[in-house]
Amino acid sequence: PELTVSTSVPNQFVCNNNPSEEVFLESNAANTSVQWMVLDLPPVIGGVNVSAGTNTIPAYGLSNANPTEVENVVIAMIPLNSDPSLCPGDTVLYTISVFPTPVVEPLSDSLFCNGDLTASIQFFGNATNYSWMHNGNAIGLDFVGNNTIDPFNILNDGLEQLDVLFTVTPQVIFNNEICEGVPSSFTLTINPSGQINTIDDLVVCVGDSVPQITFSTGLSDGMVSYQWFNSNPSIGLAAQGSGGEIPAFFSQNSGAIDNSSVVQVVPSYENSGLI
């Protein structure tokens, strides 16, 4: 019969700066040794400190200095037996593939208002997959995902500015093997919407002095400004104004029926230069 070679571990895929597995070599005939030697060793591969041997390929602590490409260590294995009835076996090749360390280019922080539509967030580097996660709550996006973050309406229904930390881990995935690089982080800051506390309706008599109406908010940071609009200036109040209050005025009604008005107050929130 013809001599064959079997290995205890199939061809290996190793992450940069990680060890390979020790490999035991066997043949199909008794008293057969399997000699091996490193046939191809790229100059960017480090850690191969034994280049030949018999029956056992040792574990190597392998490194790959190529930042973008997978590099292969190729080992030739030859079964040897002195029995003349056994046909010489073919040289068998064994490969240890060493992946580069995956990296992701850093992303800049961004600032949004509540409800804004984000742009697509894309990741660049030498990885085959970019696994991301964030620490926000109810911002309109899943907590975890992979690769490009599609545009979404980013949310902050709270009463203060919200910083959401995203962590991106670059990965190389091949044959169920995962090599991970150093995670990178960026922050999406979301300003809340302007908010004003409820103001009770007023009923007054003609000629009454209507006191100043001061606005207040539950927002705990940033700066809140207000614009107000009066639907009926004939009550004695200007059609519009701005600031933190409606000034005091004397009510007017020149008719014979109730004279009413709706005053709309629009709050605006500003923080980090964004309104």
# chains A, B, ... in the order shown; residues from 1 in each chain; ligands from 1

$ residues_around --residues "Asn176 (chain A)" --least-positions-apart "5" --cutoff "12 Å" --atoms "only C-alpha atoms" --output "NGL selection string"
:A and (12-14 or 171)

$ residues_around --residues "Thr217 (chain A)" --least-positions-apart "2" --cutoff "9 Å" --atoms "only C-alpha atoms" --output "PyMOL selection string"
chain A and resi 194-198+215+219-220+224+267

$ residues_around --residues "region 103-113 of chain A" --least-positions-apart "4" --cutoff "10 Å" --atoms "only C-alpha atoms" --output "VMD selection string"
chain A and resid 67 to 68 117 to 118 121 to 130 153 to 156 161 to 166 168 to 172 180 to 194 269 to 275

$ select_by_dssp --residues "region 51-150 of chain A" --states "strand (DSSP E or B)" --output "MDAnalysis selection string"
chainID A and resid 52:54 56:57 61:64 71:80 87 92:98 104 110:113 117 121 125 129:134 144:146 149

$ atom_distance --atom1 "CA of Glu26 (chain A)" --atom2 "CA of Ser8 (chain A)"
8.2 Å

$ residues_around --residues "Thr4 (chain A)" --least-positions-apart "5" --cutoff "8 Å" --atoms "only C-alpha atoms" --output "short mmCIF file (atom, residue, chain, number, x, y, z; two decimals) with all heavy atoms, in the first residue's frame"
data_model
loop_
_atom_site.label_atom_id
_atom_site.label_comp_id
_atom_site.auth_asym_id
_atom_site.auth_seq_id
_atom_site.Cartn_x
_atom_site.Cartn_y
_atom_site.Cartn_z
N SER A 27 0.96 7.93 10.24
CA SER A 27 0.81 7.32 8.93
C SER A 27 -0.07 6.09 9.05
O SER A 27 -0.45 5.67 10.16
CB SER A 27 2.19 6.94 8.37
OG SER A 27 2.05 6.38 7.07
N ASN A 28 -0.38 5.49 7.92
CA ASN A 28 -1.26 4.34 7.90
C ASN A 28 -0.53 3.01 8.06
O ASN A 28 -1.14 1.95 8.00
CB ASN A 28 -2.06 4.30 6.58
CG ASN A 28 -1.15 4.27 5.36
OD1 ASN A 28 -0.02 4.73 5.41
ND2 ASN A 28 -1.65 3.74 4.25
N PRO A 79 6.00 10.77 4.71
CA PRO A 79 6.06 9.53 5.49
C PRO A 79 7.23 8.65 5.02
O PRO A 79 7.44 8.47 3.81
CB PRO A 79 4.71 8.87 5.18
CG PRO A 79 4.35 9.36 3.81
CD PRO A 79 4.92 10.74 3.68
N GLY A 89 5.09 7.43 0.06
CA GLY A 89 3.93 8.32 0.03
C GLY A 89 4.26 9.66 -0.59
O GLY A 89 5.42 10.06 -0.70
N ASP A 90 3.23 10.35 -1.03
CA ASP A 90 3.41 11.69 -1.59
C ASP A 90 3.69 12.69 -0.47
O ASP A 90 3.30 12.50 0.70
CB ASP A 90 2.15 12.14 -2.34
CG ASP A 90 1.90 11.29 -3.58
OD1 ASP A 90 2.88 10.78 -4.16
OD2 ASP A 90 0.72 11.14 -3.94
#

$ closest_residue --among "A:Ile173, A:Thr148, A:Glu160, A:Leu202" --to "Asp221 (chain A)" --atoms "only C-alpha atoms"
A:Glu160

$ closest_residue --among "A:Asp150, A:Glu245, A:Asp83, A:Asp208" --to "Tyr226 (chain A)" --atoms "only C-alpha atoms"
A:Glu245

$ closest_residue --among "A:Pro151, A:Ser260, A:Pro10, A:Ala30" --to "Ser82 (chain A)" --atoms "only C-alpha atoms"
A:Ala30

$ closest_residue --among "A:Val44, A:Ile199, A:Ile149, A:Ala76" --to "Val265 (chain A)" --atoms "only C-alpha atoms"
A:Ile199

$ residues_around --residues "Asp258 (chain A)" --least-positions-apart "5" --cutoff "12 Å" --atoms "only C-alpha atoms" --output "number ranges by chain"
A: 203-206, 234-235, 251-253

$ write_last_selection --atoms "all heavy atoms" --output "PDB file, in the first residue's frame"
ATOM      1  N   VAL A 203     -58.617  83.844  33.625  1.00  0.00           N
ATOM      2  CA  VAL A 203     -59.865  84.540  33.325  1.00  0.00           C
ATOM      3  C   VAL A 203     -59.837  85.854  34.112  1.00  0.00           C
ATOM      4  O   VAL A 203     -59.687  85.843  35.349  1.00  0.00           O
ATOM      5  CB  VAL A 203     -61.097  83.710  33.712  1.00  0.00           C
ATOM      6  CG1 VAL A 203     -62.376  84.493  33.429  1.00  0.00           C
ATOM      7  CG2 VAL A 203     -61.101  82.374  32.958  1.00  0.00           C
ATOM      8  N   VAL A 204     -59.936  86.971  33.405  1.00  0.00           N
ATOM      9  CA  VAL A 204     -59.853  88.289  34.053  1.00  0.00           C
ATOM     10  C   VAL A 204     -60.988  89.170  33.566  1.00  0.00           C
ATOM     11  O   VAL A 204     -61.651  88.881  32.555  1.00  0.00           O
ATOM     12  CB  VAL A 204     -58.500  88.962  33.748  1.00  0.00           C
ATOM     13  CG1 VAL A 204     -57.341  88.131  34.290  1.00  0.00           C
ATOM     14  CG2 VAL A 204     -58.337  89.175  32.254  1.00  0.00           C
ATOM     15  N   CYS A 205     -61.202  90.270  34.280  1.00  0.00           N
ATOM     16  CA  CYS A 205     -62.200  91.264  33.864  1.00  0.00           C
ATOM     17  C   CYS A 205     -61.509  92.353  33.055  1.00  0.00           C
ATOM     18  O   CYS A 205     -60.295  92.581  33.182  1.00  0.00           O
ATOM     19  CB  CYS A 205     -62.875  91.896  35.086  1.00  0.00           C
ATOM     20  SG  CYS A 205     -63.868  90.734  36.046  1.00  0.00           S
ATOM     21  N   VAL A 206     -62.278  93.033  32.226  1.00  0.00           N
ATOM     22  CA  VAL A 206     -61.729  94.104  31.416  1.00  0.00           C
ATOM     23  C   VAL A 206     -61.122  95.163  32.333  1.00  0.00           C
ATOM     24  O   VAL A 206     -61.683  95.510  33.377  1.00  0.00           O
ATOM     25  CB  VAL A 206     -62.801  94.718  30.492  1.00  0.00           C
ATOM     26  CG1 VAL A 206     -63.944  95.356  31.288  1.00  0.00           C
ATOM     27  CG2 VAL A 206     -62.185  95.736  29.548  1.00  0.00           C
ATOM     28  N   SER A 234     -55.958  92.214  20.523  1.00  0.00           N
ATOM     29  CA  SER A 234     -56.955  93.153  21.047  1.00  0.00           C
ATOM     30  C   SER A 234     -57.199  92.974  22.534  1.00  0.00           C
ATOM     31  O   SER A 234     -57.887  93.783  23.158  1.00  0.00           O
ATOM     32  CB  SER A 234     -58.281  93.005  20.273  1.00  0.00           C
ATOM     33  OG  SER A 234     -58.929  91.786  20.609  1.00  0.00           O
ATOM     34  N   ILE A 235     -56.625  91.958  23.153  1.00  0.00           N
ATOM     35  CA  ILE A 235     -56.783  91.785  24.603  1.00  0.00           C
ATOM     36  C   ILE A 235     -55.848  92.717  25.371  1.00  0.00           C
ATOM     37  O   ILE A 235     -55.876  92.750  26.599  1.00  0.00           O
ATOM     38  CB  ILE A 235     -56.547  90.331  25.033  1.00  0.00           C
ATOM     39  CG1 ILE A 235     -55.076  89.928  24.817  1.00  0.00           C
ATOM     40  CG2 ILE A 235     -57.493  89.379  24.315  1.00  0.00           C
ATOM     41  CD1 ILE A 235     -54.704  88.595  25.438  1.00  0.00           C
ATOM     42  N   SER A 251     -55.845  94.200  30.755  1.00  0.00           N
ATOM     43  CA  SER A 251     -56.728  93.506  29.811  1.00  0.00           C
ATOM     44  C   SER A 251     -57.684  94.484  29.137  1.00  0.00           C
ATOM     45  O   SER A 251     -58.122  95.473  29.733  1.00  0.00           O
ATOM     46  CB  SER A 251     -57.508  92.418  30.533  1.00  0.00           C
ATOM     47  OG  SER A 251     -58.355  92.987  31.510  1.00  0.00           O
ATOM     48  N   GLN A 252     -58.020  94.186  27.880  1.00  0.00           N
ATOM     49  CA  GLN A 252     -58.914  95.028  27.094  1.00  0.00           C
ATOM     50  C   GLN A 252     -60.007  94.176  26.451  1.00  0.00           C
ATOM     51  O   GLN A 252     -59.764  93.024  26.074  1.00  0.00           O
ATOM     52  CB  GLN A 252     -58.136  95.782  26.007  1.00  0.00           C
ATOM     53  CG  GLN A 252     -57.088  96.734  26.528  1.00  0.00           C
ATOM     54  CD  GLN A 252     -56.293  97.406  25.416  1.00  0.00           C
ATOM     55  OE1 GLN A 252     -56.635  97.270  24.235  1.00  0.00           O
ATOM     56  NE2 GLN A 252     -55.243  98.133  25.798  1.00  0.00           N
ATOM     57  N   ASN A 253     -61.163  94.790  26.331  1.00  0.00           N
ATOM     58  CA  ASN A 253     -62.264  94.159  25.607  1.00  0.00           C
ATOM     59  C   ASN A 253     -63.237  95.269  25.209  1.00  0.00           C
ATOM     60  O   ASN A 253     -63.974  95.800  26.040  1.00  0.00           O
ATOM     61  CB  ASN A 253     -62.973  93.122  26.470  1.00  0.00           C
ATOM     62  CG  ASN A 253     -64.093  92.411  25.721  1.00  0.00           C
ATOM     63  OD1 ASN A 253     -64.378  92.741  24.560  1.00  0.00           O
ATOM     64  ND2 ASN A 253     -64.743  91.454  26.383  1.00  0.00           N
TER      65      ASN A 253
END

$ residues_around --residues "Gln264 (chain A)" --least-positions-apart "5" --cutoff "7 Å" --atoms "only C-alpha atoms" --output "VMD selection string"
chain A and resid 228 to 230

$ decode --residues "region 54-93 of chain A" --atoms "N, CA and C atoms" --output "compact mmCIF listing (two decimals), in the first residue's frame"
# COMPACT_ATOMS: atom_id res chain seq x y z
N THR A 54 10.33 15.52 13.26
CA THR A 54 9.73 14.23 12.97
C THR A 54 8.52 14.01 13.88
N ASN A 55 7.41 13.66 13.27
CA ASN A 55 6.18 13.20 13.94
C ASN A 55 5.39 14.29 14.68
N THR A 56 6.02 15.37 15.09
CA THR A 56 5.31 16.41 15.84
C THR A 56 5.71 17.79 15.36
N ILE A 57 4.72 18.58 14.94
CA ILE A 57 4.97 19.99 14.64
C ILE A 57 4.67 20.77 15.91
N PRO A 58 5.63 21.49 16.44
CA PRO A 58 5.40 22.14 17.73
C PRO A 58 4.43 23.32 17.61
N ALA A 59 3.94 23.76 18.75
CA ALA A 59 3.14 24.98 18.79
C ALA A 59 4.07 26.18 18.61
N TYR A 60 3.62 27.15 17.83
CA TYR A 60 4.39 28.36 17.60
C TYR A 60 3.63 29.57 18.15
N GLY A 61 4.36 30.52 18.68
CA GLY A 61 3.76 31.82 19.00
C GLY A 61 3.92 32.73 17.80
N LEU A 62 2.88 32.83 16.98
CA LEU A 62 3.02 33.43 15.65
C LEU A 62 2.61 34.89 15.62
N SER A 63 3.36 35.65 14.83
CA SER A 63 3.02 37.05 14.59
C SER A 63 3.02 37.30 13.08
N ASN A 64 2.23 38.28 12.67
CA ASN A 64 2.13 38.65 11.26
C ASN A 64 2.30 40.16 11.16
N ALA A 65 3.43 40.60 10.57
CA ALA A 65 3.72 42.02 10.47
C ALA A 65 3.05 42.67 9.26
N ASN A 66 2.39 41.89 8.45
CA ASN A 66 1.64 42.46 7.31
C ASN A 66 0.32 43.01 7.85
N PRO A 67 0.08 44.31 7.73
CA PRO A 67 -1.11 44.88 8.38
C PRO A 67 -2.42 44.58 7.68
N THR A 68 -2.35 44.06 6.44
CA THR A 68 -3.60 43.90 5.69
C THR A 68 -3.87 42.50 5.16
N GLU A 69 -2.85 41.66 5.05
CA GLU A 69 -3.03 40.38 4.37
C GLU A 69 -2.80 39.19 5.30
N VAL A 70 -3.55 38.11 5.03
CA VAL A 70 -3.30 36.83 5.69
C VAL A 70 -2.02 36.23 5.11
N GLU A 71 -1.14 35.76 5.95
CA GLU A 71 0.11 35.14 5.52
C GLU A 71 0.10 33.67 5.94
N ASN A 72 0.65 32.80 5.06
CA ASN A 72 0.59 31.35 5.28
C ASN A 72 1.97 30.75 5.51
N VAL A 73 2.05 29.96 6.59
CA VAL A 73 3.23 29.12 6.81
C VAL A 73 2.90 27.74 6.22
N VAL A 74 3.69 27.32 5.25
CA VAL A 74 3.43 26.04 4.56
C VAL A 74 4.48 25.03 5.00
N ILE A 75 4.00 23.87 5.45
CA ILE A 75 4.87 22.81 5.96
C ILE A 75 4.69 21.57 5.09
N ALA A 76 5.82 20.99 4.67
CA ALA A 76 5.80 19.75 3.89
C ALA A 76 6.00 18.55 4.81
N MET A 77 5.19 17.49 4.62
CA MET A 77 5.25 16.28 5.45
C MET A 77 5.46 15.07 4.55
N ILE A 78 6.44 14.22 4.93
CA ILE A 78 6.78 13.06 4.11
C ILE A 78 6.82 11.82 5.01
N PRO A 79 6.00 10.77 4.71
CA PRO A 79 6.06 9.53 5.49
C PRO A 79 7.23 8.65 5.02
N LEU A 80 8.00 8.09 5.96
CA LEU A 80 9.16 7.27 5.63
C LEU A 80 9.08 5.93 6.36
N ASN A 81 9.38 4.82 5.60
CA ASN A 81 9.38 3.48 6.17
C ASN A 81 10.37 2.62 5.40
N SER A 82 11.14 1.82 6.11
CA SER A 82 12.19 1.01 5.46
C SER A 82 11.63 -0.25 4.81
N ASP A 83 10.38 -0.58 5.03
CA ASP A 83 9.78 -1.79 4.46
C ASP A 83 9.64 -1.62 2.94
N PRO A 84 10.31 -2.47 2.13
CA PRO A 84 10.26 -2.30 0.67
C PRO A 84 8.87 -2.59 0.08
N SER A 85 8.01 -3.27 0.85
CA SER A 85 6.68 -3.58 0.31
C SER A 85 5.74 -2.37 0.36
N LEU A 86 6.17 -1.35 1.02
CA LEU A 86 5.34 -0.15 1.14
C LEU A 86 5.78 0.88 0.11
N CYS A 87 4.84 1.37 -0.67
CA CYS A 87 5.15 2.39 -1.67
C CYS A 87 5.37 3.74 -0.99
N PRO A 88 6.36 4.49 -1.45
CA PRO A 88 6.60 5.81 -0.84
C PRO A 88 5.34 6.69 -0.96
N GLY A 89 5.09 7.43 0.06
CA GLY A 89 3.93 8.32 0.03
C GLY A 89 4.26 9.66 -0.59
N ASP A 90 3.23 10.35 -1.03
CA ASP A 90 3.41 11.69 -1.59
C ASP A 90 3.69 12.69 -0.47
N THR A 91 4.37 13.75 -0.82
CA THR A 91 4.56 14.86 0.11
C THR A 91 3.21 15.53 0.34
N VAL A 92 2.88 15.74 1.60
CA VAL A 92 1.61 16.35 1.97
C VAL A 92 1.90 17.74 2.55
N LEU A 93 1.09 18.71 2.16
CA LEU A 93 1.29 20.07 2.64
C LEU A 93 0.31 20.40 3.76
